[in-house]
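Shown next: data04.pdb, given as PDB, C-alpha atoms.
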ATOM      1  CA  MET A   1       3.743 -17.024  -8.926  1.00  0.00           C
ATOM      2  CA  LEU A   2       2.486 -15.530  -5.658  1.00  0.00           C
ATOM      3  CA  LYS A   3       4.256 -16.630  -2.482  1.00  0.00           C
ATOM      4  CA  VAL A   4       3.951 -15.541   1.125  1.00  0.00           C
ATOM      5  CA  LEU A   5       6.997 -13.652   2.421  1.00  0.00           C
ATOM      6  CA  ARG A   6       8.663 -15.312   5.419  1.00  0.00           C
ATOM      7  CA  ASN A   7      11.645 -14.793   7.691  1.00  0.00           C
ATOM      8  CA  ASN A   8      14.848 -16.761   6.969  1.00  0.00           C
ATOM      9  CA  GLN A   9      13.709 -17.265   3.391  1.00  0.00           C
ATOM     10  CA  LYS A  10      15.848 -17.586   0.279  1.00  0.00           C
ATOM     11  CA  VAL A  11      13.961 -15.776  -2.466  1.00  0.00           C
ATOM     12  CA  GLU A  12      14.526 -16.936  -6.032  1.00  0.00           C
ATOM     13  CA  ALA A  13      14.253 -14.654  -9.064  1.00  0.00           C
ATOM     14  CA  SER A  14      12.537 -15.199 -12.429  1.00  0.00           C
ATOM     15  CA  GLU A  15      12.250 -12.770 -15.374  1.00  0.00           C
ATOM     16  CA  LEU A  16      10.377 -10.121 -13.378  1.00  0.00           C
ATOM     17  CA  ASN A  17       9.938 -10.154  -9.614  1.00  0.00           C
ATOM     18  CA  ILE A  18       8.285  -7.922  -7.046  1.00  0.00           C
ATOM     19  CA  CYS A  19       8.673  -8.014  -3.266  1.00  0.00           C
ATOM     20  CA  VAL A  20       5.741  -6.449  -1.390  1.00  0.00           C
ATOM     21  CA  VAL A  21       5.752  -5.644   2.337  1.00  0.00           C
ATOM     22  CA  LEU A  22       2.281  -4.597   3.520  1.00  0.00           C
ATOM     23  CA  SER A  23       2.923  -4.546   7.261  1.00  0.00           C
ATOM     24  CA  GLY A  24       5.873  -5.250   9.518  1.00  0.00           C
ATOM     25  CA  ASN A  25       9.404  -4.849   8.191  1.00  0.00           C
ATOM     26  CA  ILE A  26      12.211  -7.066   6.975  1.00  0.00           C
ATOM     27  CA  THR A  27      15.948  -6.989   6.387  1.00  0.00           C
ATOM     28  CA  ILE A  28      17.339  -8.605   3.264  1.00  0.00           C
ATOM     29  CA  GLN A  29      20.825  -9.613   2.186  1.00  0.00           C
ATOM     30  CA  LEU A  30      21.861  -9.320  -1.453  1.00  0.00           C
ATOM     31  CA  GLN A  31      25.307 -10.867  -1.883  1.00  0.00           C
ATOM     32  CA  GLU A  32      27.354  -8.952   0.725  1.00  0.00           C
ATOM     33  CA  GLU A  33      24.996  -5.983   1.112  1.00  0.00           C
ATOM     34  CA  ILE A  34      22.202  -5.662   3.685  1.00  0.00           C
ATOM     35  CA  PHE A  35      19.057  -3.557   3.152  1.00  0.00           C
ATOM     36  CA  PRO A  36      16.205  -2.679   5.559  1.00  0.00           C
ATOM     37  CA  ILE A  37      12.742  -2.824   3.945  1.00  0.00           C
ATOM     38  CA  PRO A  38       9.989  -0.882   5.775  1.00  0.00           C
ATOM     39  CA  SER A  39       6.263  -1.497   5.945  1.00  0.00           C
ATOM     40  CA  LYS A  40       4.001  -0.439   3.038  1.00  0.00           C
ATOM     41  CA  SER A  41       6.764  -0.679   0.478  1.00  0.00           C
ATOM     42  CA  PHE A  42       7.803  -2.704  -2.554  1.00  0.00           C
ATOM     43  CA  PHE A  43      10.719  -3.186  -4.904  1.00  0.00           C
ATOM     44  CA  PHE A  44      11.420  -4.890  -8.210  1.00  0.00           C
ATOM     45  CA  PHE A  45      14.281  -7.369  -8.190  1.00  0.00           C
ATOM     46  CA  ASN A  46      16.174  -9.429 -10.768  1.00  0.00           C
ATOM     47  CA  GLN A  47      18.531 -11.382  -8.500  1.00  0.00           C
ATOM     48  CA  PRO A  48      17.915 -13.822  -5.649  1.00  0.00           C
ATOM     49  CA  PHE A  49      18.248 -12.545  -2.083  1.00  0.00           C
ATOM     50  CA  GLU A  50      17.726 -13.787   1.463  1.00  0.00           C
ATOM     51  CA  VAL A  51      15.412 -12.482   4.192  1.00  0.00           C
ATOM     52  CA  ILE A  52      17.675 -12.464   7.248  1.00  0.00           C
ATOM     53  CA  ALA A  53      15.406 -10.681   9.767  1.00  0.00           C
ATOM     54  CA  ALA A  54      11.749  -9.753  10.140  1.00  0.00           C
ATOM     55  CA  SER A  55       9.421  -8.167  12.689  1.00  0.00           C
ATOM     56  CA  PRO A  56       7.271 -10.608  14.738  1.00  0.00           C
ATOM     57  CA  TYR A  57       4.241 -10.045  12.547  1.00  0.00           C
ATOM     58  CA  ILE A  58       4.858  -9.552   8.856  1.00  0.00           C
ATOM     59  CA  GLU A  59       2.444  -9.482   5.941  1.00  0.00           C
ATOM     60  CA  GLY A  60       4.199  -9.630   2.612  1.00  0.00           C
ATOM     61  CA  PHE A  61       4.331 -11.399  -0.724  1.00  0.00           C
ATOM     62  CA  ILE A  62       6.738 -12.327  -3.499  1.00  0.00           C
ATOM     63  CA  LEU A  63       5.537 -12.136  -7.103  1.00  0.00           C
ATOM     64  CA  ASN A  64       7.619 -14.162  -9.567  1.00  0.00           C
ATOM     65  CA  LEU A  65       6.456 -13.448 -13.111  1.00  0.00           C
ATOM     66  CA  ASP A  66       7.994 -15.966 -15.480  1.00  0.00           C
ATOM     67  CA  THR A  67       8.542 -15.867 -19.247  1.00  0.00           C
ATOM     68  CA  GLU A  68       5.347 -17.783 -20.004  1.00  0.00           C
ATOM     69  CA  PHE A  69       3.223 -15.275 -18.088  1.00  0.00           C
ATOM     70  CA  LEU A  70       4.915 -12.275 -19.695  1.00  0.00           C
ATOM     71  CA  GLN A  71       4.478 -13.713 -23.189  1.00  0.00           C
ATOM     72  CA  ASN A  72       0.722 -13.537 -22.645  1.00  0.00           C
ATOM     73  CA  PHE A  73       0.929  -9.820 -21.804  1.00  0.00           C
ATOM     74  CA  SER A  74       3.144  -8.108 -24.351  1.00  0.00           C
ATOM     75  CA  ASP A  75       2.364  -4.661 -22.902  1.00  0.00           C
ATOM     76  CA  LEU A  76       4.173  -5.643 -19.697  1.00  0.00           C
ATOM     77  CA  LYS A  77       7.314  -6.575 -21.616  1.00  0.00           C
ATOM     78  CA  THR A  78       7.573  -3.015 -22.920  1.00  0.00           C
ATOM     79  CA  GLU A  79       7.008  -1.560 -19.462  1.00  0.00           C
ATOM     80  CA  ILE A  80       9.578  -3.876 -17.887  1.00  0.00           C
ATOM     81  CA  ASN A  81      12.233  -2.632 -20.292  1.00  0.00           C
ATOM     82  CA  SER A  82      11.700   0.847 -18.863  1.00  0.00           C
ATOM     83  CA  LEU A  83      12.623  -0.261 -15.342  1.00  0.00           C
ATOM     84  CA  SER A  84      16.116   0.933 -14.511  1.00  0.00           C
ATOM     85  CA  ASN A  85      16.376   0.660 -10.722  1.00  0.00           C
ATOM     86  CA  PHE A  86      15.961  -2.813  -9.299  1.00  0.00           C
ATOM     87  CA  PHE A  87      16.059  -3.111  -5.490  1.00  0.00           C
ATOM     88  CA  GLN A  88      14.922   0.525  -5.221  1.00  0.00           C
ATOM     89  CA  VAL A  89      12.528   0.520  -2.250  1.00  0.00           C
ATOM     90  CA  LEU A  90       9.393   2.580  -2.901  1.00  0.00           C
ATOM     91  CA  GLN A  91       6.352   3.392  -0.797  1.00  0.00           C
ATOM     92  CA  ILE A  92       3.072   1.852  -1.976  1.00  0.00           C
ATOM     93  CA  ASN A  93       0.710   4.623  -3.017  1.00  0.00           C
ATOM     94  CA  ASN A  94      -2.562   2.691  -3.259  1.00  0.00           C
ATOM     95  CA  ILE A  95      -2.206   0.372  -0.263  1.00  0.00           C
ATOM     96  CA  ASP A  96      -5.907  -0.601  -0.117  1.00  0.00           C
ATOM     97  CA  GLY A  97      -6.114  -1.436  -3.819  1.00  0.00           C
ATOM     98  CA  ILE A  98      -2.926  -3.506  -3.653  1.00  0.00           C
ATOM     99  CA  LYS A  99      -4.173  -5.436  -0.611  1.00  0.00           C
ATOM    100  CA  ASN A 100      -7.471  -6.222  -2.314  1.00  0.00           C
ATOM    101  CA  LEU A 101      -5.752  -7.504  -5.459  1.00  0.00           C
ATOM    102  CA  LEU A 102      -3.321  -9.656  -3.470  1.00  0.00           C
ATOM    103  CA  ASN A 103      -6.178 -11.125  -1.425  1.00  0.00           C
ATOM    104  CA  SER A 104      -8.133 -11.867  -4.594  1.00  0.00           C
ATOM    105  CA  ILE A 105      -5.161 -13.611  -6.213  1.00  0.00           C
ATOM    106  CA  SER A 106      -4.489 -15.738  -3.138  1.00  0.00           C
ATOM    107  CA  LYS A 107      -8.098 -17.003  -3.198  1.00  0.00           C
ATOM    108  CA  ILE A 108      -8.204 -18.048  -6.866  1.00  0.00           C
ATOM    109  CA  GLU A 109      -4.979 -20.019  -7.380  1.00  0.00           C
ATOM    110  CA  GLU A 110      -6.911 -22.747  -9.217  1.00  0.00           C
ATOM    111  CA  ASN A 111      -8.401 -20.373 -11.806  1.00  0.00           C
ATOM    112  CA  THR A 112      -5.302 -19.666 -13.904  1.00  0.00           C
ATOM    113  CA  GLN A 113      -6.945 -17.282 -16.371  1.00  0.00           C
ATOM    114  CA  LEU A 114      -8.539 -15.093 -13.707  1.00  0.00           C
ATOM    115  CA  ARG A 115      -5.405 -15.221 -11.547  1.00  0.00           C
ATOM    116  CA  ASN A 116      -3.253 -14.050 -14.456  1.00  0.00           C
ATOM    117  CA  SER A 117      -5.674 -11.209 -15.178  1.00  0.00           C
ATOM    118  CA  TYR A 118      -5.390 -10.018 -11.576  1.00  0.00           C
ATOM    119  CA  LEU A 119      -1.599 -10.397 -11.719  1.00  0.00           C
ATOM    120  CA  HIS A 120      -1.543  -8.267 -14.864  1.00  0.00           C
ATOM    121  CA  ILE A 121      -3.541  -5.509 -13.148  1.00  0.00           C
ATOM    122  CA  LEU A 122      -1.365  -5.756 -10.036  1.00  0.00           C
ATOM    123  CA  THR A 123       1.902  -5.595 -11.980  1.00  0.00           C
ATOM    124  CA  ASN A 124       0.679  -2.562 -13.923  1.00  0.00           C
ATOM    125  CA  ASP A 125      -0.212  -0.883 -10.626  1.00  0.00           C
ATOM    126  CA  PHE A 126       3.322  -1.400  -9.326  1.00  0.00           C
ATOM    127  CA  ILE A 127       4.860  -0.137 -12.571  1.00  0.00           C
ATOM    128  CA  SER A 128       2.640   2.970 -12.394  1.00  0.00           C
ATOM    129  CA  ASN A 129       3.693   3.430  -8.759  1.00  0.00           C
ATOM    130  CA  TYR A 130       7.331   3.199  -9.867  1.00  0.00           C
ATOM    131  CA  LYS A 131       6.881   5.795 -12.611  1.00  0.00           C
ATOM    132  CA  TYR A 132       4.977   8.092 -10.266  1.00  0.00           C
ATOM    133  CA  SER A 133       7.888   7.972  -7.805  1.00  0.00           C
ATOM    134  CA  LEU A 134      10.272   9.232 -10.495  1.00  0.00           C
ATOM    135  CA  LYS A 135       8.411  12.435 -11.258  1.00  0.00           C
ATOM    136  CA  GLU A 136       8.761  15.622  -9.260  1.00  0.00           C
ATOM    137  CA  LYS A 137       5.800  15.771  -6.901  1.00  0.00           C
ATOM    138  CA  SER A 138       3.773  18.776  -5.852  1.00  0.00           C
ATOM    139  CA  VAL A 139       3.291  19.681  -2.199  1.00  0.00           C
ATOM    140  CA  VAL A 140      -0.199  18.143  -2.268  1.00  0.00           C
ATOM    141  CA  GLU A 141       1.073  14.905  -3.834  1.00  0.00           C
ATOM    142  CA  GLN A 142       3.788  14.652  -1.183  1.00  0.00           C
ATOM    143  CA  PHE A 143       1.207  15.416   1.512  1.00  0.00           C
ATOM    144  CA  SER A 144      -1.070  12.678   0.165  1.00  0.00           C
ATOM    145  CA  ASP A 145       1.784  10.145   0.104  1.00  0.00           C
ATOM    146  CA  LEU A 146       2.739  10.951   3.702  1.00  0.00           C
ATOM    147  CA  ILE A 147      -0.853  10.495   4.892  1.00  0.00           C
ATOM    148  CA  GLU A 148      -0.998   7.054   3.231  1.00  0.00           C
ATOM    149  CA  GLN A 149       2.288   6.085   4.888  1.00  0.00           C
ATOM    150  CA  HIS A 150       1.322   7.280   8.384  1.00  0.00           C
ATOM    151  CA  LEU A 151      -2.460   6.923   8.460  1.00  0.00           C
ATOM    152  CA  GLU A 152      -2.392   4.680  11.543  1.00  0.00           C
ATOM    153  CA  LYS A 153      -0.610   7.399  13.548  1.00  0.00           C
ATOM    154  CA  ASN A 154      -3.462   9.910  13.209  1.00  0.00           C
ATOM    155  CA  TYR A 155      -1.155  12.872  12.644  1.00  0.00           C
ATOM    156  CA  CYS A 156      -2.554  16.384  12.395  1.00  0.00           C
ATOM    157  CA  ALA A 157      -1.892  18.819   9.531  1.00  0.00           C
ATOM    158  CA  GLY A 158       0.808  20.601  11.542  1.00  0.00           C
ATOM    159  CA  THR A 159       2.843  17.406  11.884  1.00  0.00           C
ATOM    160  CA  TYR A 160       2.694  16.796   8.141  1.00  0.00           C
ATOM    161  CA  ALA A 161       3.782  20.378   7.475  1.00  0.00           C
ATOM    162  CA  GLU A 162       6.823  19.731   9.677  1.00  0.00           C
ATOM    163  CA  MET A 163       7.573  16.519   7.801  1.00  0.00           C
ATOM    164  CA  LEU A 164       7.370  18.436   4.516  1.00  0.00           C
ATOM    165  CA  ASP A 165       9.564  21.154   6.036  1.00  0.00           C
ATOM    166  CA  ILE A 166       7.128  23.911   5.065  1.00  0.00           C
ATOM    167  CA  PRO A 167       5.011  26.361   7.130  1.00  0.00           C
ATOM    168  CA  LEU A 168       1.500  25.178   7.959  1.00  0.00           C
ATOM    169  CA  LYS A 169       0.110  28.254   6.188  1.00  0.00           C
ATOM    170  CA  LYS A 170       1.754  27.123   2.936  1.00  0.00           C
ATOM    171  CA  LEU A 171       0.322  23.613   3.284  1.00  0.00           C
ATOM    172  CA  ILE A 172      -3.164  25.057   3.874  1.00  0.00           C
ATOM    173  CA  LYS A 173      -2.796  27.326   0.843  1.00  0.00           C
ATOM    174  CA  GLU A 174      -1.536  24.569  -1.493  1.00  0.00           C
ATOM    175  CA  VAL A 175      -4.183  22.030  -0.452  1.00  0.00           C
ATOM    176  CA  LYS A 176      -6.958  24.624  -0.737  1.00  0.00           C
ATOM    177  CA  LYS A 177      -5.760  25.713  -4.186  1.00  0.00           C
ATOM    178  CA  THR A 178      -5.532  22.162  -5.549  1.00  0.00           C
ATOM    179  CA  THR A 179      -8.427  20.370  -3.837  1.00  0.00           C
ATOM    180  CA  GLU A 180     -10.653  23.133  -2.411  1.00  0.00           C
ATOM    181  CA  LYS A 181     -10.364  21.328   0.928  1.00  0.00           C
ATOM    182  CA  THR A 182      -8.585  22.100   4.167  1.00  0.00           C
ATOM    183  CA  PRO A 183      -5.666  19.806   5.093  1.00  0.00           C
ATOM    184  CA  CYS A 184      -7.754  18.432   7.979  1.00  0.00           C
ATOM    185  CA  ASN A 185     -10.620  17.544   5.638  1.00  0.00           C
ATOM    186  CA  PHE A 186      -8.130  16.006   3.207  1.00  0.00           C
ATOM    187  CA  ILE A 187      -6.754  13.803   6.014  1.00  0.00           C
ATOM    188  CA  LYS A 188     -10.257  12.891   7.225  1.00  0.00           C
ATOM    189  CA  GLU A 189     -11.271  11.832   3.725  1.00  0.00           C
ATOM    190  CA  LYS A 190      -8.412   9.335   3.597  1.00  0.00           C
ATOM    191  CA  VAL A 191      -9.107   8.047   7.112  1.00  0.00           C
ATOM    192  CA  ILE A 192     -12.785   7.441   6.279  1.00  0.00           C
ATOM    193  CA  GLN A 193     -11.886   5.749   3.006  1.00  0.00           C
ATOM    194  CA  ARG A 194      -9.466   3.398   4.777  1.00  0.00           C
ATOM    195  CA  ALA A 195     -12.101   2.648   7.424  1.00  0.00           C
ATOM    196  CA  LYS A 196     -14.680   1.837   4.740  1.00  0.00           C
ATOM    197  CA  ASN A 197     -12.236  -0.480   3.022  1.00  0.00           C
ATOM    198  CA  LEU A 198     -11.463  -2.338   6.240  1.00  0.00           C
ATOM    199  CA  LEU A 199     -15.150  -2.664   7.092  1.00  0.00           C
ATOM    200  CA  VAL A 200     -16.020  -4.160   3.713  1.00  0.00           C
ATOM    201  CA  ASN A 201     -12.926  -6.289   3.065  1.00  0.00           C
ATOM    202  CA  THR A 202     -11.937  -7.564   6.520  1.00  0.00           C
ATOM    203  CA  GLU A 203     -13.620  -9.044   9.567  1.00  0.00           C
ATOM    204  CA  ASP A 204     -11.930  -6.544  11.904  1.00  0.00           C
ATOM    205  CA  THR A 205     -14.187  -5.179  14.641  1.00  0.00           C
ATOM    206  CA  SER A 206     -14.856  -1.443  14.932  1.00  0.00           C
ATOM    207  CA  GLN A 207     -12.526  -1.399  17.918  1.00  0.00           C
ATOM    208  CA  MET A 208      -9.704  -3.037  15.947  1.00  0.00           C
ATOM    209  CA  ILE A 209     -10.193  -0.633  13.048  1.00  0.00           C
ATOM    210  CA  SER A 210     -10.203   2.371  15.368  1.00  0.00           C
ATOM    211  CA  TYR A 211      -6.820   1.332  16.806  1.00  0.00           C
ATOM    212  CA  LYS A 212      -5.439   0.668  13.321  1.00  0.00           C
ATOM    213  CA  LEU A 213      -6.363   4.240  12.366  1.00  0.00           C
ATOM    214  CA  GLY A 214      -4.778   5.813  15.436  1.00  0.00           C
ATOM    215  CA  PHE A 215      -7.886   6.389  17.569  1.00  0.00           C
ATOM    216  CA  GLU A 216      -7.321   5.744  21.271  1.00  0.00           C
ATOM    217  CA  ASP A 217     -11.077   5.779  22.002  1.00  0.00           C
ATOM    218  CA  PRO A 218     -13.188   3.415  19.829  1.00  0.00           C
ATOM    219  CA  TYR A 219     -16.367   5.331  20.747  1.00  0.00           C
ATOM    220  CA  TYR A 220     -14.881   8.527  19.376  1.00  0.00           C
ATOM    221  CA  PHE A 221     -14.039   6.666  16.143  1.00  0.00           C
ATOM    222  CA  ILE A 222     -17.662   5.492  15.828  1.00  0.00           C
ATOM    223  CA  LYS A 223     -18.876   9.094  16.270  1.00  0.00           C
ATOM    224  CA  TYR A 224     -16.212  10.375  13.838  1.00  0.00           C
ATOM    225  CA  PHE A 225     -17.281   7.810  11.219  1.00  0.00           C
ATOM    226  CA  LYS A 226     -21.020   8.427  11.672  1.00  0.00           C
ATOM    227  CA  ASN A 227     -20.643  12.210  11.421  1.00  0.00           C
ATOM    228  CA  ASP A 228     -19.124  11.727   7.971  1.00  0.00           C
ATOM    229  CA  THR A 229     -21.184   8.858   6.562  1.00  0.00           C
ATOM    230  CA  GLY A 230     -24.456   9.020   8.490  1.00  0.00           C
ATOM    231  CA  LEU A 231     -23.936   5.391   9.517  1.00  0.00           C
ATOM    232  CA  THR A 232     -22.134   3.656  12.353  1.00  0.00           C
ATOM    233  CA  PRO A 233     -19.323   1.312  11.258  1.00  0.00           C
ATOM    234  CA  THR A 234     -21.577  -1.693  11.972  1.00  0.00           C
ATOM    235  CA  GLN A 235     -24.409  -0.236   9.901  1.00  0.00           C
ATOM    236  CA  TYR A 236     -22.010   0.555   7.047  1.00  0.00           C
ATOM    237  CA  ARG A 237     -20.667  -3.011   7.049  1.00  0.00           C
ATOM    238  CA  LYS A 238     -24.158  -4.522   6.946  1.00  0.00           C
ATOM    239  CA  LYS A 239     -25.182  -2.226   4.078  1.00  0.00           C
ATOM    240  CA  PHE A 240     -22.112  -2.558   1.839  1.00  0.00           C
ATOM    241  CA  ASN A 241     -20.431  -5.871   2.656  1.00  0.00           C
ATOM    242  CA  ILE A 242     -21.426  -8.139  -0.237  1.00  0.00           C
ATOM    243  CA  ASN A 243     -19.538 -11.227   1.033  1.00  0.00           C
TER
END
Is it possible to give me this structure as structure tokens?
Amino acid sequence: MLKVLRNNQKVEASELNICVVLSGNITIQLQEEIFPIPSKSFFFFNQPFEVIAASPYIEGFILNLDTEFLQNFSDLKTEINSLSNFFQVLQINNIDGIKNLLNSISKIEENTQLRNSYLHILTNDFISNYKYSLKEKSVVEQFSDLIEQHLEKNYCAGTYAEMLDIPLKKLIKEVKKTTEKTPCNFIKEKVIQRAKNLLVNTEDTSQMISYKLGFEDPYYFIKYFKNDTGLTPTQYRKKFNIN
């Protein structure tokens, strides 16, 4: 049901299928059409396709949910019938949650019942992501999505305002009204949360995590993290890593 995504791969389709690209990017061919698929994105598909190009390092998965699996989760059948746009590429909203679920599923292939439970949660997350993408989003929701998509670039609030094509003053006003935070604090909150997730769920060093989050100086990242949490990254990992 869960397969690693590879270059030069012919991807088969079952009743419901999801292609997930966590990092790197790929190009797929569907019949005579060619589509680029960026990092941190996913799409539902109902026809086979071929991966014809990929970046040197790619982290992605294919979920093939067959009839037997879907019969065990009748709620998913109803949700699937609401899907109208297959091969519509969407940005993943909850990238950390999706990564954790995928990692959990890959480690418990032998435990069918637990694996299917995780697959059910994961599929519901993608369906919710799909529905969320269809609704008209507020400035703050768009701002939040952009931060998730570009967290590793360490953009400032002004850059996001430009991407949203609105004045910085409007972004400050909207974020303050909705969250009672400044845009900078809103960004910092997401950066710290991603750092915490990486510290607890990966073996990445503080230096590796700092680069992943757009910090050129690892020592500045350590200070940045400690100012917010009261702990250095190493201390946080020792305190909260239960593995």
>> What would the selection look like, as an NGL selection string, if the PyMOL selection byres ((chain A and resi 151-154) around 7) were run on the coordinates I just shared?
In response: :A and (147-150 or 155-156 or 191 or 212-214)
What residues come out when you apply the PyMOL selection byres ((chain A and resi 174-178) around 12) to this file, written as a CSV table (one decimal) with C-alpha atoms, keeping the file's coordinate frame?
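Just written: out24.csv:
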chain,number,residue,atom,x,y,z
A,138,SER,CA,3.8,18.8,-5.9
A,139,VAL,CA,3.3,19.7,-2.2
A,140,VAL,CA,-0.2,18.1,-2.3
A,141,GLU,CA,1.1,14.9,-3.8
A,142,GLN,CA,3.8,14.7,-1.2
A,143,PHE,CA,1.2,15.4,1.5
A,144,SER,CA,-1.1,12.7,0.2
A,157,ALA,CA,-1.9,18.8,9.5
A,161,ALA,CA,3.8,20.4,7.5
A,166,ILE,CA,7.1,23.9,5.1
A,167,PRO,CA,5.0,26.4,7.1
A,168,LEU,CA,1.5,25.2,8.0
A,169,LYS,CA,0.1,28.3,6.2
A,170,LYS,CA,1.8,27.1,2.9
A,171,LEU,CA,0.3,23.6,3.3
A,172,ILE,CA,-3.2,25.1,3.9
A,173,LYS,CA,-2.8,27.3,0.8
A,179,THR,CA,-8.4,20.4,-3.8
A,180,GLU,CA,-10.7,23.1,-2.4
A,181,LYS,CA,-10.4,21.3,0.9
A,182,THR,CA,-8.6,22.1,4.2
A,183,PRO,CA,-5.7,19.8,5.1
A,184,CYS,CA,-7.8,18.4,8.0
A,185,ASN,CA,-10.6,17.5,5.6
A,186,PHE,CA,-8.1,16.0,3.2
A,187,ILE,CA,-6.8,13.8,6.0
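Using only C-alpha atoms, the smallest distance between any of A:Asp204, A:Glu15, A:Asp217, A:Asp228 and Glu68 of chain A comes from A:Glu15.
Nearest to Gln31 of chain A of all the residues A:Leu5, A:Leu164, A:Val51, A:Ala195 is A:Val51, based on all atoms listed in the file.
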Would you kindly return, as a PDB file with C-alpha atoms, in the coordinates of the input, each protein, DNA or RNA residue with an atom no farther than 8 Å from any atom of segment 236-238 of chain A, considering all atoms listed in the file and excluding same-chain residues fewer than 2 positions away?
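Generated output (result.pdb):
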ATOM      1  CA  LYS A 196     -14.680   1.837   4.740  1.00  0.00           C
ATOM      2  CA  LEU A 199     -15.150  -2.664   7.092  1.00  0.00           C
ATOM      3  CA  VAL A 200     -16.020  -4.160   3.713  1.00  0.00           C
ATOM      4  CA  LEU A 231     -23.936   5.391   9.517  1.00  0.00           C
ATOM      5  CA  THR A 232     -22.134   3.656  12.353  1.00  0.00           C
ATOM      6  CA  PRO A 233     -19.323   1.312  11.258  1.00  0.00           C
ATOM      7  CA  THR A 234     -21.577  -1.693  11.972  1.00  0.00           C
ATOM      8  CA  PHE A 240     -22.112  -2.558   1.839  1.00  0.00           C
ATOM      9  CA  ASN A 241     -20.431  -5.871   2.656  1.00  0.00           C
TER      10      ASN A 241
END
>> Ranking A:Leu102, A:Val89, A:Ile28, A:Val21 by minimum distance to Met1 of chain A and counting only C-alpha atoms, which one comes first?
In response: A:Leu102
> Skipping near chain neighbours, those fewer than 6 positions away, what residues fall within 7 Å of segment 90-94 of chain A using all atoms listed in the file, listed as number ranges by chain?
Replying inline: A: 40-43, 129, 145, 148
> Can you list, as a list in words, every protein, DNA or RNA residue that comes within 12 Å of Gln29 of chain A when you count all atoms listed in the file, leaving out same-chain residues fewer than 4 positions away?
Replying inline: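 Result of the neighbour search: Asn7, Asn8, Gln9, Lys10, Val11, Glu33, Ile34, Phe35, Pro36, Ile37, Gln47, Pro48, Phe49, Glu50, Val51, Ile52, Ala53 and Phe87 of chain A.
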>> Can you translate the PyMOL selection byres ((chain A and resi 14) around 6) into the concrete residues it hits in this file, as a list in words?
In response: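 When the PyMOL selection byres ((chain A and resi 14) around 6) is applied, the selected residues are Ala13, Glu15, Leu16, Asn64 and Asp66 of chain A.
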